[in-house]
Amino acid sequence: MILKHLSILNYKNIREAELSFSDKINCFVGLNGQGKTNLLDSIYLLSFTKSAFNATDSQNIMHEEGMAMVRGQYENNGQEMTITCGLKRGVKKQFRLGQKDYQRLIDHIGLIPLVMVSPEDSELIAEGSDERRRFMDIVIAQYNKEYLEKLNRYNALLKQRNSLLKTLAERVENLCELPSEDDQLLGVLEEQMTPLAEYIFAERTQFIGKFLPVFQDLYKEISDHKEQVTLRYISQLQDRNLAEAYPKTRQRDMILGWTSQGIHKDELEMQLGEYPLKRVGSQGQQKTYLMAMKLAQAVYLGKPILLLDDIFDKLDAERVQRIVEIVNSERFGQIFITDTDRQHLTQIVGNEHKIFHVNNGQITQ
């Protein structure tokens, strides 16, 4: 998949831009805060129907403007297509393939595979397990539409069960005597949640099994075989049957006010050697770990569009050089990369490249 042309109007600090790209490497140079990341985010928007950074669509519209528009013209195996996203304050977002509006945004996910590497990836290490589950979900959803449908359905049922548990906790004085009709309603929800959870667990298990060797090989390349790393997928479903576990924990869940069993408790344990990466990894090792994970994601998806935002910070010169060699290889397709240092980008570009300068939202080639 190749992004040939990008049109932007009033997206964040970019008032207007018309850009045509190289099929291989596109570099954006500029000081911090000038709009380089906003440009990459507009490309991300066209793949995932939302910003990578702002969940509220109106926050992506330039201040004092009423609307914004991002349009991308793509080429895939000789076939051309146009994706348009229109944002307007107080109005539902419009997302269009060609001349046809999507009725459900979920139907667009996976059409334009994309991987973004940015400083925000540090949250994978620093934050809770929900961030690491999200990493798995984003990869799997881009090649398996059924997974995304079932994950959304599971989350909706989970929300219903949690809401019911909180209501019951407030209403029932004797927690040992759950009214039969409420008990039956919980049973109905659990009966629907169980097969969904089992499917999601199976898909995550299969993904990590195939993803792990790709990730480990890339980490070895970047680190010059200096460290050993692994990822461990941990799930309650590895040692229990949800259909049996749910009824046993209803009373406890009602006291807690939330569901204690299920795939929403899954974890992805990140290890350097035999120890948790978060505890023993230096800044450079953590950055290398994240780079290897994201580059492995791109290899796993089969040459998606790759966005690299400020990737060289906290890495020594040797690791930077090896990353440069890796992204220049045939394993990767079209790349968009930002940096404040022209020297780094000069090292990266090959025969097929374009360099753009970004200054206060204005972009020039």
# chains A, B, ... in the order shown; residues from 1 in each chain; ligands from 1
call {"tool": "residues_around", "arguments": {"residues": "region 319-328 of chain A", "least_positions_apart": "4", "cutoff": "7 Å", "atoms": "only C-alpha atoms", "output": "PyMOL selection string"}}
result
chain A and resi 222-223+312+315+332+348
call {"tool": "write_last_selection", "arguments": {"atoms": "N, CA, C and O atoms", "output": "PDB file, in the first residue's frame"}}
result
ATOM      1  N   ILE A 222      19.366  -5.048  16.131  1.00  0.00           N
ATOM      2  CA  ILE A 222      19.581  -3.680  16.606  1.00  0.00           C
ATOM      3  C   ILE A 222      20.641  -3.638  17.708  1.00  0.00           C
ATOM      4  O   ILE A 222      21.475  -2.730  17.756  1.00  0.00           O
ATOM      5  N   SER A 223      20.612  -4.617  18.620  1.00  0.00           N
ATOM      6  CA  SER A 223      21.522  -4.615  19.777  1.00  0.00           C
ATOM      7  C   SER A 223      22.847  -5.306  19.487  1.00  0.00           C
ATOM      8  O   SER A 223      23.707  -5.374  20.370  1.00  0.00           O
ATOM      9  N   PHE A 312      15.337   8.490  17.118  1.00  0.00           N
ATOM     10  CA  PHE A 312      16.758   8.339  17.433  1.00  0.00           C
ATOM     11  C   PHE A 312      17.143   8.763  18.845  1.00  0.00           C
ATOM     12  O   PHE A 312      18.249   8.492  19.294  1.00  0.00           O
ATOM     13  N   LEU A 315      19.279   6.635  21.837  1.00  0.00           N
ATOM     14  CA  LEU A 315      19.960   5.496  21.232  1.00  0.00           C
ATOM     15  C   LEU A 315      21.393   5.885  20.867  1.00  0.00           C
ATOM     16  O   LEU A 315      21.633   6.990  20.365  1.00  0.00           O
ATOM     17  N   PHE A 332      10.706  -3.654   4.389  1.00  0.00           N
ATOM     18  CA  PHE A 332       9.786  -2.559   4.695  1.00  0.00           C
ATOM     19  C   PHE A 332       9.365  -1.840   3.423  1.00  0.00           C
ATOM     20  O   PHE A 332      10.115  -1.754   2.454  1.00  0.00           O
ATOM     21  N   ILE A 348      19.769   8.070   6.295  1.00  0.00           N
ATOM     22  CA  ILE A 348      18.723   7.084   6.025  1.00  0.00           C
ATOM     23  C   ILE A 348      18.353   7.002   4.552  1.00  0.00           C
ATOM     24  O   ILE A 348      18.143   5.927   4.011  1.00  0.00           O
TER      25      ILE A 348
END
call {"tool": "residues_around", "arguments": {"residues": "region 76-93 of chain A", "least_positions_apart": "2", "cutoff": "7 Å", "atoms": "only C-alpha atoms", "output": "list of chain:residue names"}}
result
A:Met1, A:Ile2, A:Leu46, A:Asp57, A:Ser58, A:Gly66, A:Met67, A:Ala68, A:Met69, A:Val70, A:Arg71, A:Gly72, A:Gln73, A:Tyr74, A:Phe95, A:Arg96, A:Leu97, A:Gly98
call {"tool": "write_last_selection", "arguments": {"atoms": "N, CA, C and O atoms", "output": "tab-separated table (two decimals), in the first residue's frame"}}
result
chain	number	residue	atom	x	y	z
A	1	MET	N	0.85	-1.20	0.00
A	1	MET	CA	0.00	0.00	0.00
A	1	MET	C	0.88	1.24	0.00
A	1	MET	O	1.78	1.37	0.84
A	2	ILE	N	0.65	2.16	-0.94
A	2	ILE	CA	1.46	3.37	-1.08
A	2	ILE	C	0.55	4.60	-1.01
A	2	ILE	O	-0.47	4.68	-1.71
A	46	LEU	N	-6.14	8.45	8.61
A	46	LEU	CA	-6.74	7.85	7.42
A	46	LEU	C	-6.71	6.32	7.47
A	46	LEU	O	-7.46	5.66	6.75
A	57	ASP	N	-12.52	14.25	18.44
A	57	ASP	CA	-12.27	14.71	17.07
A	57	ASP	C	-12.13	16.23	16.98
A	57	ASP	O	-11.31	16.74	16.23
A	58	SER	N	-12.94	16.96	17.75
A	58	SER	CA	-12.91	18.42	17.66
A	58	SER	C	-11.55	18.99	18.07
A	58	SER	O	-11.18	20.09	17.64
A	66	GLY	N	-13.93	25.96	11.97
A	66	GLY	CA	-15.10	25.14	12.21
A	66	GLY	C	-15.00	23.73	11.69
A	66	GLY	O	-15.77	22.86	12.08
A	67	MET	N	-14.05	23.50	10.77
A	67	MET	CA	-13.95	22.18	10.17
A	67	MET	C	-12.51	21.88	9.77
A	67	MET	O	-11.66	22.78	9.70
A	68	ALA	N	-12.25	20.60	9.52
A	68	ALA	CA	-10.95	20.15	9.02
A	68	ALA	C	-11.18	19.01	8.04
A	68	ALA	O	-12.22	18.32	8.09
A	69	MET	N	-10.23	18.80	7.16
A	69	MET	CA	-10.34	17.73	6.17
A	69	MET	C	-8.96	17.13	5.90
A	69	MET	O	-7.97	17.86	5.80
A	70	VAL	N	-8.91	15.80	5.80
A	70	VAL	CA	-7.70	15.10	5.40
A	70	VAL	C	-8.09	14.10	4.32
A	70	VAL	O	-9.05	13.34	4.48
A	71	ARG	N	-7.36	14.15	3.19
A	71	ARG	CA	-7.66	13.22	2.08
A	71	ARG	C	-6.37	12.58	1.59
A	71	ARG	O	-5.35	13.25	1.41
A	72	GLY	N	-6.41	11.27	1.43
A	72	GLY	CA	-5.25	10.54	0.93
A	72	GLY	C	-5.58	9.78	-0.33
A	72	GLY	O	-6.64	9.15	-0.43
A	73	GLN	N	-4.69	9.84	-1.30
A	73	GLN	CA	-4.82	9.07	-2.54
A	73	GLN	C	-3.80	7.94	-2.50
A	73	GLN	O	-2.59	8.19	-2.42
A	74	TYR	N	-4.28	6.71	-2.55
A	74	TYR	CA	-3.44	5.53	-2.37
A	74	TYR	C	-3.36	4.69	-3.64
A	74	TYR	O	-4.25	4.76	-4.50
A	95	PHE	N	-16.44	9.83	7.17
A	95	PHE	CA	-15.32	9.05	6.64
A	95	PHE	C	-15.76	8.36	5.36
A	95	PHE	O	-16.80	7.70	5.34
A	96	ARG	N	-14.97	8.52	4.32
A	96	ARG	CA	-15.43	8.12	2.99
A	96	ARG	C	-14.36	7.35	2.22
A	96	ARG	O	-13.19	7.73	2.22
A	97	LEU	N	-14.78	6.27	1.56
A	97	LEU	CA	-13.94	5.53	0.62
A	97	LEU	C	-14.45	5.85	-0.77
A	97	LEU	O	-15.57	5.48	-1.12
A	98	GLY	N	-13.63	6.56	-1.56
A	98	GLY	CA	-14.09	7.04	-2.85
A	98	GLY	C	-15.21	8.04	-2.64
A	98	GLY	O	-15.05	9.04	-1.94
call {"tool": "residues_around", "arguments": {"residues": "region 267-282 of chain A", "least_positions_apart": "6", "cutoff": "6 Å", "atoms": "only C-alpha atoms", "output": "list of chain:residue names"}}
result
A:Ser129, A:Arg132, A:Gln228, A:Val229, A:Thr230, A:Leu231, A:Arg232, A:Tyr233, A:Ile234
call {"tool": "closest_residue", "arguments": {"among": "A:Asn144, A:Ser47, A:Asn152, A:Asn162", "to": "Val115 (chain A)", "atoms": "only C-alpha atoms"}}
result
A:Ser47
call {"tool": "residues_around", "arguments": {"residues": "region 140-143 of chain A", "least_positions_apart": "5", "cutoff": "10 Å", "atoms": "only C-alpha atoms", "output": "PyMOL selection string"}}
result
chain A and resi 47-48+106+108-114+134-135+148-149+151+200+203-204+207+297+301
call {"tool": "select_by_dssp", "arguments": {"residues": "region 215-330 of chain A", "states": "helix (DSSP H, G or I)", "output": "ChimeraX atom specification"}}
result
/A:215-223,236-238,242-248,250-256,263-265,277-280,283-301,317-327
call {"tool": "closest_residue", "arguments": {"among": "A:Leu124, A:Ile25, A:Leu185, A:Ala197", "to": "Tyr289 (chain A)", "atoms": "only C-alpha atoms"}}
result
A:Leu124
call {"tool": "residues_around", "arguments": {"residues": "Arg133 (chain A)", "least_positions_apart": "3", "cutoff": "9 Å", "atoms": "only C-alpha atoms", "output": "compact mmCIF listing (two decimals) with C-alpha atoms, in the first residue's frame"}}
result
# COMPACT_ATOMS: atom_id res chain seq x y z
CA SER A 129 -1.64 -3.85 31.10
CA ASP A 130 -4.40 -2.19 29.05
CA MET A 136 -1.91 -6.92 20.50
CA ASP A 137 -5.39 -5.80 19.51
CA ILE A 138 -4.17 -3.18 17.02
CA HIS A 264 -9.68 -7.92 29.86
CA LYS A 265 -7.21 -8.96 32.58
CA ASP A 266 -4.63 -10.35 30.11
CA GLU A 267 -1.02 -9.19 30.37
CA LEU A 268 1.97 -9.07 28.03
call {"tool": "closest_residue", "arguments": {"among": "A:Val29, A:Ile255, A:Leu45, A:Val358", "to": "Met116 (chain A)", "atoms": "only C-alpha atoms"}}
result
A:Leu45
call {"tool": "residues_around", "arguments": {"residues": "Arg240 (chain A)", "least_positions_apart": "2", "cutoff": "12 Å", "atoms": "only C-alpha atoms", "output": "NGL selection string"}}
result
:A and (194 or 198 or 235-238 or 242-246 or 248 or 261-263)
call {"tool": "atom_distance", "arguments": {"atom1": "CA of Lys145 (chain A)", "atom2": "CA of Arg104 (chain A)"}}
result
12.7 Å
call {"tool": "closest_residue", "arguments": {"among": "A:Asn26, A:Ser118, A:Thr259, A:Gln206", "to": "Leu186 (chain A)", "atoms": "only C-alpha atoms"}}
result
A:Thr259
call {"tool": "atom_distance", "arguments": {"atom1": "CA of Pro304 (chain A)", "atom2": "CA of Ile335 (chain A)"}}
result
8.9 Å
call {"tool": "atom_distance", "arguments": {"atom1": "CA of Thr37 (chain A)", "atom2": "CA of Ser20 (chain A)"}}
result
17.5 Å
call {"tool": "closest_residue", "arguments": {"among": "A:Phe28, A:Phe53, A:Tyr102, A:Tyr154", "to": "Glu120 (chain A)", "atoms": "only C-alpha atoms"}}
result
A:Phe53
call {"tool": "select_by_dssp", "arguments": {"residues": "region 190-324 of chain A", "states": "strand (DSSP E or B)", "output": "ChimeraX atom specification"}}
result
/A:229-234,267-272,275-276,305-309
call {"tool": "closest_residue", "arguments": {"among": "A:Cys27, A:Gly257, A:Ala317, A:Gln286", "to": "Glu170 (chain A)", "atoms": "only C-alpha atoms"}}
result
A:Gly257
